[in-house]
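Chemist: The structure under discussion is supplied below as structure tokens; questions concerning it will follow.
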Amino acid sequence: MTKLKKVLQYTTMNNIITIQNLTKAYDNGFVALKDINFTITRGEIFALLGQNGAGKTTLISIICGLVRPSTGTVTVNDDDIIKDYRKTRSYIGLVPQEITLDPFLTVTQTVAYARGFYGRPRDEKLIEEVLTDLSLWDKKDNKIQELSGGMKRRVLIAKALMNEPEILFLDEPTAGVDVELRKGMWDMVTKLKNRGTTIILTTHYIEEAQEMADRIGVIADGEIKIIEEKDALMNRLGTKKIILTLTKNCDTLPPELVDFSGLSLSDDGHNLIYSYKKSEHTGITTLLTAIKGSSITFTDIQTEESSLEDIFVSLTQKHE
Ligand SMILES: Nc1ncnc2c1ncn2[C@@H]1O[C@H](COP(=O)(O)OP(=O)(O)OP(=O)(O)O)[C@@H](O)[C@H]1O
Ligand SMILES: [Mg+2]
């Protein structure tokens with residue numbers, strides 16, 4: 001095999017989901033997705049971020065075969081989601097955004113039936129492991145109607161895992177789940193990733209995406225605005241700030257410092273703030289030398305870094 005062929009084969013093997021020219025117009029004419037093109041890499045954690053109504057659930061529902069695309073194709077493991085629906089669905093576990101559970105079944109019954117639904121034999125060990133990982137073991141004999149909202153959401157995750165899926169979609173999995181349990185949930189996601197599961201999630205807690213995701217996709221008004229490795233994205237668009245607490249408040253910048261771009265005074269004149277892009281050369285040394293030669297003296301120095309949330313807000317605001 002030539003080197004090129006090998007590279008090509010590796011590339012396709014490495015793409016577990018391929019989305020091409022995908023659009024979705026709902027029956028009422030509303031266009032929820034516009035020409036979506038991207039791939040999901042095998043084994044990655046991919047976070048899809050977007051404001052309410054951006055099109056996240058629509059996109060996930062199409063890949064999972066619950067909503068029909070208007071145009072375009074989606075393949076999962078090289079199988080077409082429409083022509084080979086049963087096959088593609090069998091690779092996937094979906095944790096839906098809406099809670100849809102039978103209130104009268106117990107937790108164990110719910111997950112055991114889910115496994116049966118996937119045509120797999122009952123597996124007590126798996127049930128115990130999954131329920132324990134999701135801190136639901138002590139609720140195993142409770143009826144769904146006896147659970148709290150956060151517990152029900154975790155039952156949805158347990159259900160999806162009964163298929164031992166290669167790909168797990170988590171659509172707002174932590175909505176209504178308290179901080180401690182959310183942490184437990186992410187530990188479980190890390191465990192799945194380490195076993196090779198590909199994970200695609202949406203969340204409104206952007207700090208979670210910042211912590212968990214390998215890659216970030218931002219969607220707004222049905223269009224993908226950005227797809228990038230998280231670290232690269234944060235380096236490219238992230239900003240850093242150096243904040244100097246001044247010995248004496250200042251109304252205006254002294255003449256030695258007026259030419260520095262990115263330099264400003266806080267409204268109360270108590271701080272001198274220098275903002276710069278993480279990816280650019282900073283010029284800190286030149287700045288500090290200029291400060292030394294000016295009338296300004298300072299008592300403290302602090303640094304701040306922008307979060308993925310700041311970047312997300314600036315990205316989605318631009319496109320409003
Ligand atoms: N069945 C439907 N018929 C018509 N329009 C729909 C339908 N389902 C969703 N939409 C519209 O498509 C757009 C995208 O909805 P979607 O549920 O995909 O957004 P989302 O990004 O998941 O939002 P959220 O963060 O609120 O979950 C919205 O404007 C919504 O009103
Ligand atoms: Mg949604």
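Following the order of the structure tokens, first chain is A, next is B, and so on, with residues numbered from 1 inside each chain and ligands from 1 in the order they appear.
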Considering only C-alpha atoms and all ligand atoms, give me a table of residues in chain A that are at most 12 Å from ligand 1, with the closest atom pair and distance in Å for each, as a Markdown table.
Modeler:
```
| residue | atom | partner | partner_atom_place_in_ligand_line | distance |
| --- | --- | --- | --- | --- |
| A:Thr23 | CA | ligand 1 | 12 (O) | 11.6 |
| A:Lys24 | CA | ligand 1 | 12 (O) | 8.8 |
| A:Ala25 | CA | ligand 1 | 4 (C) | 8.0 |
| A:Tyr26 | CA | ligand 1 | 4 (C) | 4.9 |
| A:Asp27 | CA | ligand 1 | 3 (N) | 6.3 |
| A:Asn28 | CA | ligand 1 | 4 (C) | 5.8 |
| A:Gly29 | CA | ligand 1 | 4 (C) | 7.5 |
| A:Phe30 | CA | ligand 1 | 5 (N) | 5.7 |
| A:Val31 | CA | ligand 1 | 12 (O) | 7.1 |
| A:Ala32 | CA | ligand 1 | 12 (O) | 4.5 |
| A:Leu33 | CA | ligand 1 | 14 (C) | 7.7 |
| A:Lys34 | CA | ligand 1 | 14 (C) | 11.1 |
| A:Leu48 | CA | ligand 1 | 21 (O) | 9.1 |
| A:Leu49 | CA | ligand 1 | 21 (O) | 8.1 |
| A:Gly50 | CA | ligand 1 | 21 (O) | 5.9 |
| A:Gln51 | CA | ligand 1 | 25 (O) | 5.4 |
| A:Asn52 | CA | ligand 1 | 26 (O) | 3.4 |
| A:Gly53 | CA | ligand 1 | 19 (O) | 3.4 |
| A:Ala54 | CA | ligand 1 | 21 (O) | 3.8 |
| A:Gly55 | CA | ligand 1 | 18 (O) | 3.2 |
| A:Lys56 | CA | ligand 1 | 21 (O) | 3.7 |
| A:Thr57 | CA | ligand 1 | 22 (O) | 3.6 |
| A:Thr58 | CA | ligand 1 | 18 (O) | 3.7 |
| A:Leu59 | CA | ligand 1 | 18 (O) | 6.5 |
| A:Ile60 | CA | ligand 1 | 18 (O) | 8.1 |
| A:Ser61 | CA | ligand 1 | 18 (O) | 8.3 |
| A:Ile62 | CA | ligand 1 | 18 (O) | 9.9 |
| A:Leu66 | CA | ligand 1 | 1 (N) | 10.9 |
| A:Val67 | CA | ligand 1 | 1 (N) | 8.7 |
| A:Arg68 | CA | ligand 1 | 1 (N) | 10.8 |
| A:Pro96 | CA | ligand 1 | 27 (O) | 10.1 |
| A:Gln97 | CA | ligand 1 | 27 (O) | 7.1 |
| A:Glu98 | CA | ligand 1 | 27 (O) | 9.2 |
| A:Leu170 | CA | ligand 1 | 22 (O) | 11.5 |
| A:Asp171 | CA | ligand 1 | 27 (O) | 7.9 |
| A:Glu172 | CA | ligand 1 | 27 (O) | 7.5 |
| A:Pro173 | CA | ligand 1 | 27 (O) | 11.1 |
| A:Ala175 | CA | ligand 1 | 27 (O) | 10.5 |
| A:Leu201 | CA | ligand 1 | 22 (O) | 11.1 |
| A:Thr202 | CA | ligand 1 | 25 (O) | 8.1 |
| A:Thr203 | CA | ligand 1 | 25 (O) | 7.9 |
| A:His204 | CA | ligand 1 | 25 (O) | 7.4 |
| A:Tyr205 | CA | ligand 1 | 25 (O) | 11.2 |
| A:Val218 | CA | ligand 1 | 21 (O) | 10.3 |
| A:Ile219 | CA | ligand 1 | 21 (O) | 7.8 |
| A:Ala220 | CA | ligand 1 | 21 (O) | 8.1 |
| A:Asp221 | CA | ligand 1 | 14 (C) | 7.8 |
| A:Gly222 | CA | ligand 1 | 14 (C) | 7.1 |
| A:Glu223 | CA | ligand 1 | 21 (O) | 10.7 |
| A:Ile224 | CA | ligand 1 | 21 (O) | 11.5 |
```
Chemist: Quick one: residues within 8 Å of A:Leu265, only C-alpha atoms, excluding same-chain residues fewer than 2 positions away - as a list of chain:residue names?
Modeler: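 With the cut-off at 8 Å, the set is A:Cys250, A:Asp251, A:Thr252, A:Leu253, A:Leu263, A:Asp267, A:Asp268, A:Gly269, A:His270, A:Asn271, A:Leu272, A:Ile273.
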Chemist: Save the residues we just selected, C-alpha atoms, as a JSON list (two decimals), in the first residue's frame?
Modeler:
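Result saved to part-v9.json:
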```
[["chain", "number", "residue", "atom", "x", "y", "z"],
["A", 250, "CYS", "CA", -4.91, 58.36, 37.56],
["A", 251, "ASP", "CA", -7.44, 60.28, 35.41],
["A", 252, "THR", "CA", -5.54, 59.92, 32.15],
["A", 253, "LEU", "CA", -2.68, 57.81, 30.85],
["A", 263, "LEU", "CA", -3.64, 49.70, 27.55],
["A", 267, "ASP", "CA", -13.18, 53.69, 35.38],
["A", 268, "ASP", "CA", -12.16, 54.62, 38.92],
["A", 269, "GLY", "CA", -8.57, 55.26, 37.75],
["A", 270, "HIS", "CA", -7.28, 52.79, 40.33],
["A", 271, "ASN", "CA", -6.03, 50.13, 37.90],
["A", 272, "LEU", "CA", -3.96, 50.12, 34.76],
["A", 273, "ILE", "CA", -5.11, 47.29, 32.50]]
```
Chemist: Among stretch 149-193 of chain A, which residues carry a DSSP assignment of alpha helix (DSSP H), reported as a PDB file with N, CA and C atoms, in the first residue's frame?
Modeler:
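Once written, part.pdb looks like this:
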```
ATOM      1  N   GLY A 149     -35.596  15.457  39.476  1.00  0.00           N
ATOM      2  CA  GLY A 149     -35.298  15.777  38.080  1.00  0.00           C
ATOM      3  C   GLY A 149     -33.884  15.377  37.681  1.00  0.00           C
ATOM      4  N   GLY A 150     -32.926  15.699  38.560  1.00  0.00           N
ATOM      5  CA  GLY A 150     -31.523  15.371  38.277  1.00  0.00           C
ATOM      6  C   GLY A 150     -31.312  13.860  38.204  1.00  0.00           C
ATOM      7  N   MET A 151     -32.043  13.126  39.058  1.00  0.00           N
ATOM      8  CA  MET A 151     -31.929  11.651  39.048  1.00  0.00           C
ATOM      9  C   MET A 151     -32.488  11.095  37.749  1.00  0.00           C
ATOM     10  N   LYS A 152     -33.616  11.656  37.304  1.00  0.00           N
ATOM     11  CA  LYS A 152     -34.225  11.177  36.051  1.00  0.00           C
ATOM     12  C   LYS A 152     -33.261  11.389  34.891  1.00  0.00           C
ATOM     13  N   ARG A 153     -32.581  12.528  34.904  1.00  0.00           N
ATOM     14  CA  ARG A 153     -31.645  12.794  33.822  1.00  0.00           C
ATOM     15  C   ARG A 153     -30.519  11.748  33.817  1.00  0.00           C
ATOM     16  N   ARG A 154     -30.111  11.340  35.014  1.00  0.00           N
ATOM     17  CA  ARG A 154     -29.065  10.319  35.085  1.00  0.00           C
ATOM     18  C   ARG A 154     -29.590   8.952  34.634  1.00  0.00           C
ATOM     19  N   VAL A 155     -30.887   8.705  34.862  1.00  0.00           N
ATOM     20  CA  VAL A 155     -31.467   7.445  34.358  1.00  0.00           C
ATOM     21  C   VAL A 155     -31.420   7.440  32.826  1.00  0.00           C
ATOM     22  N   LEU A 156     -31.634   8.607  32.219  1.00  0.00           N
ATOM     23  CA  LEU A 156     -31.563   8.688  30.753  1.00  0.00           C
ATOM     24  C   LEU A 156     -30.173   8.301  30.256  1.00  0.00           C
ATOM     25  N   ILE A 157     -29.157   8.723  31.010  1.00  0.00           N
ATOM     26  CA  ILE A 157     -27.781   8.375  30.617  1.00  0.00           C
ATOM     27  C   ILE A 157     -27.582   6.866  30.766  1.00  0.00           C
ATOM     28  N   ALA A 158     -28.064   6.323  31.891  1.00  0.00           N
ATOM     29  CA  ALA A 158     -27.939   4.881  32.116  1.00  0.00           C
ATOM     30  C   ALA A 158     -28.605   4.097  30.984  1.00  0.00           C
ATOM     31  N   LYS A 159     -29.770   4.576  30.571  1.00  0.00           N
ATOM     32  CA  LYS A 159     -30.500   3.913  29.477  1.00  0.00           C
ATOM     33  C   LYS A 159     -29.649   3.885  28.209  1.00  0.00           C
ATOM     34  N   ALA A 160     -29.084   5.045  27.881  1.00  0.00           N
ATOM     35  CA  ALA A 160     -28.283   5.139  26.648  1.00  0.00           C
ATOM     36  C   ALA A 160     -27.070   4.208  26.710  1.00  0.00           C
ATOM     37  N   LEU A 161     -26.535   4.016  27.919  1.00  0.00           N
ATOM     38  CA  LEU A 161     -25.323   3.196  28.044  1.00  0.00           C
ATOM     39  C   LEU A 161     -25.616   1.695  27.972  1.00  0.00           C
ATOM     40  N   VAL A 179     -24.001  20.424  41.337  1.00  0.00           N
ATOM     41  CA  VAL A 179     -22.575  20.530  41.015  1.00  0.00           C
ATOM     42  C   VAL A 179     -21.802  19.240  41.292  1.00  0.00           C
ATOM     43  N   GLU A 180     -22.061  18.645  42.444  1.00  0.00           N
ATOM     44  CA  GLU A 180     -21.283  17.460  42.831  1.00  0.00           C
ATOM     45  C   GLU A 180     -21.568  16.288  41.886  1.00  0.00           C
ATOM     46  N   LEU A 181     -22.858  16.102  41.594  1.00  0.00           N
ATOM     47  CA  LEU A 181     -23.219  14.999  40.714  1.00  0.00           C
ATOM     48  C   LEU A 181     -22.770  15.247  39.280  1.00  0.00           C
ATOM     49  N   ARG A 182     -22.743  16.523  38.912  1.00  0.00           N
ATOM     50  CA  ARG A 182     -22.250  16.851  37.575  1.00  0.00           C
ATOM     51  C   ARG A 182     -20.807  16.392  37.442  1.00  0.00           C
ATOM     52  N   LYS A 183     -20.049  16.603  38.522  1.00  0.00           N
ATOM     53  CA  LYS A 183     -18.642  16.198  38.520  1.00  0.00           C
ATOM     54  C   LYS A 183     -18.548  14.686  38.338  1.00  0.00           C
ATOM     55  N   GLY A 184     -19.424  13.970  39.071  1.00  0.00           N
ATOM     56  CA  GLY A 184     -19.450  12.512  38.950  1.00  0.00           C
ATOM     57  C   GLY A 184     -19.786  12.084  37.526  1.00  0.00           C
ATOM     58  N   MET A 185     -20.706  12.828  36.920  1.00  0.00           N
ATOM     59  CA  MET A 185     -21.116  12.518  35.560  1.00  0.00           C
ATOM     60  C   MET A 185     -19.941  12.679  34.595  1.00  0.00           C
ATOM     61  N   TRP A 186     -19.178  13.729  34.815  1.00  0.00           N
ATOM     62  CA  TRP A 186     -18.034  13.961  33.919  1.00  0.00           C
ATOM     63  C   TRP A 186     -16.926  12.936  34.153  1.00  0.00           C
ATOM     64  N   ASP A 187     -16.815  12.456  35.392  1.00  0.00           N
ATOM     65  CA  ASP A 187     -15.833  11.384  35.638  1.00  0.00           C
ATOM     66  C   ASP A 187     -16.218  10.173  34.809  1.00  0.00           C
ATOM     67  N   MET A 188     -17.541   9.924  34.755  1.00  0.00           N
ATOM     68  CA  MET A 188     -18.011   8.786  33.977  1.00  0.00           C
ATOM     69  C   MET A 188     -17.751   8.984  32.476  1.00  0.00           C
ATOM     70  N   VAL A 189     -17.939  10.197  32.025  1.00  0.00           N
ATOM     71  CA  VAL A 189     -17.674  10.497  30.608  1.00  0.00           C
ATOM     72  C   VAL A 189     -16.187  10.272  30.299  1.00  0.00           C
ATOM     73  N   THR A 190     -15.332  10.700  31.213  1.00  0.00           N
ATOM     74  CA  THR A 190     -13.893  10.489  31.016  1.00  0.00           C
ATOM     75  C   THR A 190     -13.583   8.997  30.943  1.00  0.00           C
ATOM     76  N   LYS A 191     -14.236   8.235  31.813  1.00  0.00           N
ATOM     77  CA  LYS A 191     -14.021   6.781  31.820  1.00  0.00           C
ATOM     78  C   LYS A 191     -14.429   6.178  30.461  1.00  0.00           C
ATOM     79  N   LEU A 192     -15.571   6.634  29.935  1.00  0.00           N
ATOM     80  CA  LEU A 192     -16.039   6.135  28.634  1.00  0.00           C
ATOM     81  C   LEU A 192     -15.066   6.524  27.535  1.00  0.00           C
ATOM     82  N   LYS A 193     -14.594   7.758  27.595  1.00  0.00           N
ATOM     83  CA  LYS A 193     -13.639   8.207  26.572  1.00  0.00           C
ATOM     84  C   LYS A 193     -12.379   7.330  26.617  1.00  0.00           C
TER      85      LYS A 193
END
```
Chemist: Mind checking DSSP for stretch 112-317 of chain A and telling me the strand (DSSP E or B) residues as an mmCIF file with N, CA and C atoms, in the first residue's frame?
Modeler:
```
data_model
loop_
_atom_site.group_PDB
_atom_site.id
_atom_site.type_symbol
_atom_site.label_atom_id
_atom_site.label_comp_id
_atom_site.auth_asym_id
_atom_site.auth_seq_id
_atom_site.Cartn_x
_atom_site.Cartn_y
_atom_site.Cartn_z
ATOM 1 N N LYS A 143 -39.465 3.741 41.800
ATOM 2 C CA LYS A 143 -40.143 4.047 40.541
ATOM 3 C C LYS A 143 -39.619 5.397 40.029
ATOM 4 N N ILE A 167 -20.699 5.502 20.145
ATOM 5 C CA ILE A 167 -20.863 6.950 20.101
ATOM 6 C C ILE A 167 -21.963 7.324 21.080
ATOM 7 N N LEU A 168 -21.650 8.273 21.947
ATOM 8 C CA LEU A 168 -22.662 8.709 22.913
ATOM 9 C C LEU A 168 -22.982 10.184 22.684
ATOM 10 N N PHE A 169 -24.272 10.465 22.453
ATOM 11 C CA PHE A 169 -24.719 11.849 22.334
ATOM 12 C C PHE A 169 -25.335 12.258 23.654
ATOM 13 N N LEU A 170 -24.872 13.375 24.170
ATOM 14 C CA LEU A 170 -25.423 13.894 25.418
ATOM 15 C C LEU A 170 -25.976 15.290 25.139
ATOM 16 N N ASP A 171 -27.304 15.387 25.054
ATOM 17 C CA ASP A 171 -27.924 16.679 24.745
ATOM 18 C C ASP A 171 -28.341 17.327 26.060
ATOM 19 N N THR A 198 -16.728 7.618 21.566
ATOM 20 C CA THR A 198 -16.756 8.979 21.021
ATOM 21 C C THR A 198 -17.925 9.702 21.676
ATOM 22 N N ILE A 199 -17.693 10.929 22.127
ATOM 23 C CA ILE A 199 -18.740 11.631 22.872
ATOM 24 C C ILE A 199 -19.033 12.997 22.255
ATOM 25 N N ILE A 200 -20.303 13.216 21.987
ATOM 26 C CA ILE A 200 -20.728 14.510 21.447
ATOM 27 C C ILE A 200 -21.719 15.096 22.421
ATOM 28 N N LEU A 201 -21.437 16.284 22.914
ATOM 29 C CA LEU A 201 -22.317 16.833 23.933
ATOM 30 C C LEU A 201 -22.692 18.274 23.633
ATOM 31 N N THR A 202 -23.853 18.652 24.133
ATOM 32 C CA THR A 202 -24.211 20.065 24.132
ATOM 33 C C THR A 202 -24.357 20.446 25.597
ATOM 34 N N ARG A 215 -12.523 19.093 21.147
ATOM 35 C CA ARG A 215 -12.833 20.056 20.088
ATOM 36 C C ARG A 215 -14.149 20.748 20.385
ATOM 37 N N ILE A 216 -14.283 21.945 19.858
ATOM 38 C CA ILE A 216 -15.472 22.753 20.099
ATOM 39 C C ILE A 216 -16.078 23.120 18.752
ATOM 40 N N GLY A 217 -17.396 22.994 18.659
ATOM 41 C CA GLY A 217 -18.116 23.513 17.502
ATOM 42 C C GLY A 217 -19.083 24.563 18.006
ATOM 43 N N VAL A 218 -19.135 25.687 17.322
ATOM 44 C CA VAL A 218 -20.098 26.714 17.706
ATOM 45 C C VAL A 218 -21.115 26.852 16.588
ATOM 46 N N ILE A 219 -22.390 26.743 16.950
ATOM 47 C CA ILE A 219 -23.469 26.850 15.975
ATOM 48 C C ILE A 219 -24.351 28.052 16.344
ATOM 49 N N ALA A 220 -24.722 28.819 15.340
ATOM 50 C CA ALA A 220 -25.621 29.964 15.559
ATOM 51 C C ALA A 220 -26.545 30.066 14.358
ATOM 52 N N GLU A 223 -26.133 27.630 11.508
ATOM 53 C CA GLU A 223 -24.872 27.551 10.762
ATOM 54 C C GLU A 223 -23.717 27.292 11.716
ATOM 55 N N ILE A 224 -22.784 26.449 11.246
ATOM 56 C CA ILE A 224 -21.592 26.220 12.052
ATOM 57 C C ILE A 224 -20.658 27.416 11.875
ATOM 58 N N LYS A 225 -20.318 28.036 12.982
ATOM 59 C CA LYS A 225 -19.470 29.229 12.906
ATOM 60 C C LYS A 225 -18.002 28.884 13.094
ATOM 61 N N ILE A 226 -17.765 27.900 13.909
ATOM 62 C CA ILE A 226 -16.377 27.551 14.215
ATOM 63 C C ILE A 226 -16.295 26.089 14.596
ATOM 64 N N ILE A 227 -15.259 25.423 14.089
ATOM 65 C CA ILE A 227 -14.944 24.083 14.595
ATOM 66 C C ILE A 227 -13.446 24.073 14.796
ATOM 67 N N GLU A 228 -13.027 23.835 16.005
ATOM 68 C CA GLU A 228 -11.588 23.934 16.257
ATOM 69 C C GLU A 228 -11.209 23.164 17.523
ATOM 70 N N GLU A 229 -9.940 22.720 17.556
ATOM 71 C CA GLU A 229 -9.413 22.115 18.782
ATOM 72 C C GLU A 229 -9.595 23.149 19.889
ATOM 73 N N THR A 239 -7.955 36.030 25.401
ATOM 74 C CA THR A 239 -7.147 37.207 25.747
ATOM 75 C C THR A 239 -6.624 37.063 27.171
ATOM 76 N N LYS A 240 -5.529 37.766 27.410
ATOM 77 C CA LYS A 240 -4.986 37.805 28.757
ATOM 78 C C LYS A 240 -4.968 39.260 29.203
ATOM 79 N N LYS A 241 -5.052 39.448 30.499
ATOM 80 C CA LYS A 241 -5.008 40.815 31.019
ATOM 81 C C LYS A 241 -3.959 40.892 32.117
ATOM 82 N N ILE A 242 -3.214 41.982 32.111
ATOM 83 C CA ILE A 242 -2.344 42.264 33.251
ATOM 84 C C ILE A 242 -2.939 43.478 33.930
ATOM 85 N N ILE A 243 -3.179 43.358 35.228
ATOM 86 C CA ILE A 243 -3.829 44.461 35.943
ATOM 87 C C ILE A 243 -2.879 44.993 37.029
ATOM 88 N N LEU A 244 -2.552 46.245 36.907
ATOM 89 C CA LEU A 244 -1.670 46.859 37.903
ATOM 90 C C LEU A 244 -2.508 47.724 38.835
ATOM 91 N N THR A 245 -2.365 47.511 40.140
ATOM 92 C CA THR A 245 -3.047 48.384 41.102
ATOM 93 C C THR A 245 -2.137 49.587 41.349
ATOM 94 N N LEU A 246 -2.642 50.751 41.044
ATOM 95 C CA LEU A 246 -1.801 51.949 41.120
ATOM 96 C C LEU A 246 -1.692 52.493 42.548
ATOM 97 N N LEU A 263 -3.849 49.193 26.189
ATOM 98 C CA LEU A 263 -3.638 49.702 27.552
ATOM 99 C C LEU A 263 -4.761 50.679 27.914
ATOM 100 N N SER A 264 -5.327 50.504 29.101
ATOM 101 C CA SER A 264 -6.383 51.443 29.512
ATOM 102 C C SER A 264 -6.404 51.578 31.026
ATOM 103 N N LEU A 265 -7.150 52.569 31.471
ATOM 104 C CA LEU A 265 -7.321 52.753 32.914
ATOM 105 C C LEU A 265 -8.708 52.257 33.301
ATOM 106 N N ASN A 271 -6.800 51.218 38.532
ATOM 107 C CA ASN A 271 -6.033 50.132 37.905
ATOM 108 C C ASN A 271 -5.607 50.487 36.492
ATOM 109 N N LEU A 272 -4.424 50.013 36.141
ATOM 110 C CA LEU A 272 -3.962 50.120 34.764
ATOM 111 C C LEU A 272 -4.095 48.715 34.166
ATOM 112 N N ILE A 273 -4.820 48.623 33.054
ATOM 113 C CA ILE A 273 -5.113 47.294 32.504
ATOM 114 C C ILE A 273 -4.505 47.151 31.124
ATOM 115 N N TYR A 274 -3.770 46.076 30.933
ATOM 116 C CA TYR A 274 -3.175 45.802 29.622
ATOM 117 C C TYR A 274 -3.773 44.481 29.109
ATOM 118 N N SER A 275 -4.518 44.537 27.996
ATOM 119 C CA SER A 275 -5.124 43.323 27.414
ATOM 120 C C SER A 275 -4.389 42.957 26.141
ATOM 121 N N TYR A 276 -4.138 41.684 25.961
ATOM 122 C CA TYR A 276 -3.477 41.240 24.724
ATOM 123 C C TYR A 276 -3.953 39.855 24.345
ATOM 124 N N LYS A 277 -3.861 39.558 23.061
ATOM 125 C CA LYS A 277 -4.241 38.235 22.558
ATOM 126 C C LYS A 277 -3.203 37.229 23.010
ATOM 127 N N PHE A 298 3.114 51.329 41.119
ATOM 128 C CA PHE A 298 2.020 50.411 41.454
ATOM 129 C C PHE A 298 2.352 49.551 42.662
ATOM 130 N N THR A 299 1.289 49.051 43.307
ATOM 131 C CA THR A 299 1.487 48.279 44.541
ATOM 132 C C THR A 299 1.229 46.790 44.328
ATOM 133 N N ASP A 300 0.517 46.451 43.254
ATOM 134 C CA ASP A 300 0.174 45.031 43.063
ATOM 135 C C ASP A 300 0.050 44.755 41.574
ATOM 136 N N ILE A 301 0.253 43.478 41.215
ATOM 137 C CA ILE A 301 0.093 43.086 39.811
ATOM 138 C C ILE A 301 -0.666 41.757 39.758
ATOM 139 N N GLN A 302 -1.661 41.698 38.866
ATOM 140 C CA GLN A 302 -2.481 40.477 38.739
ATOM 141 C C GLN A 302 -2.618 40.137 37.270
ATOM 142 N N THR A 303 -2.885 38.857 36.987
ATOM 143 C CA THR A 303 -3.185 38.508 35.589
ATOM 144 C C THR A 303 -4.541 37.813 35.535
ATOM 145 N N GLU A 304 -5.225 37.969 34.417
ATOM 146 C CA GLU A 304 -6.522 37.306 34.193
ATOM 147 C C GLU A 304 -6.528 36.717 32.809
ATOM 148 N N GLU A 305 -7.186 35.567 32.657
ATOM 149 C CA GLU A 305 -7.283 34.953 31.338
ATOM 150 C C GLU A 305 -8.744 34.825 30.959
#
```
Chemist: Have a look at A:Val177, A:Leu315, A:Ile144, A:Met162 and name the one nearest to A:Thr106; count only C-alpha atoms.
Modeler: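 Result for the nearest residue to A:Thr106: A:Ile144.
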Chemist: Could you state the separation of atom CA of A:Pro255 and atom CA of A:Ser294 in Å, given to one decimal place?
Modeler: 8.1 Å
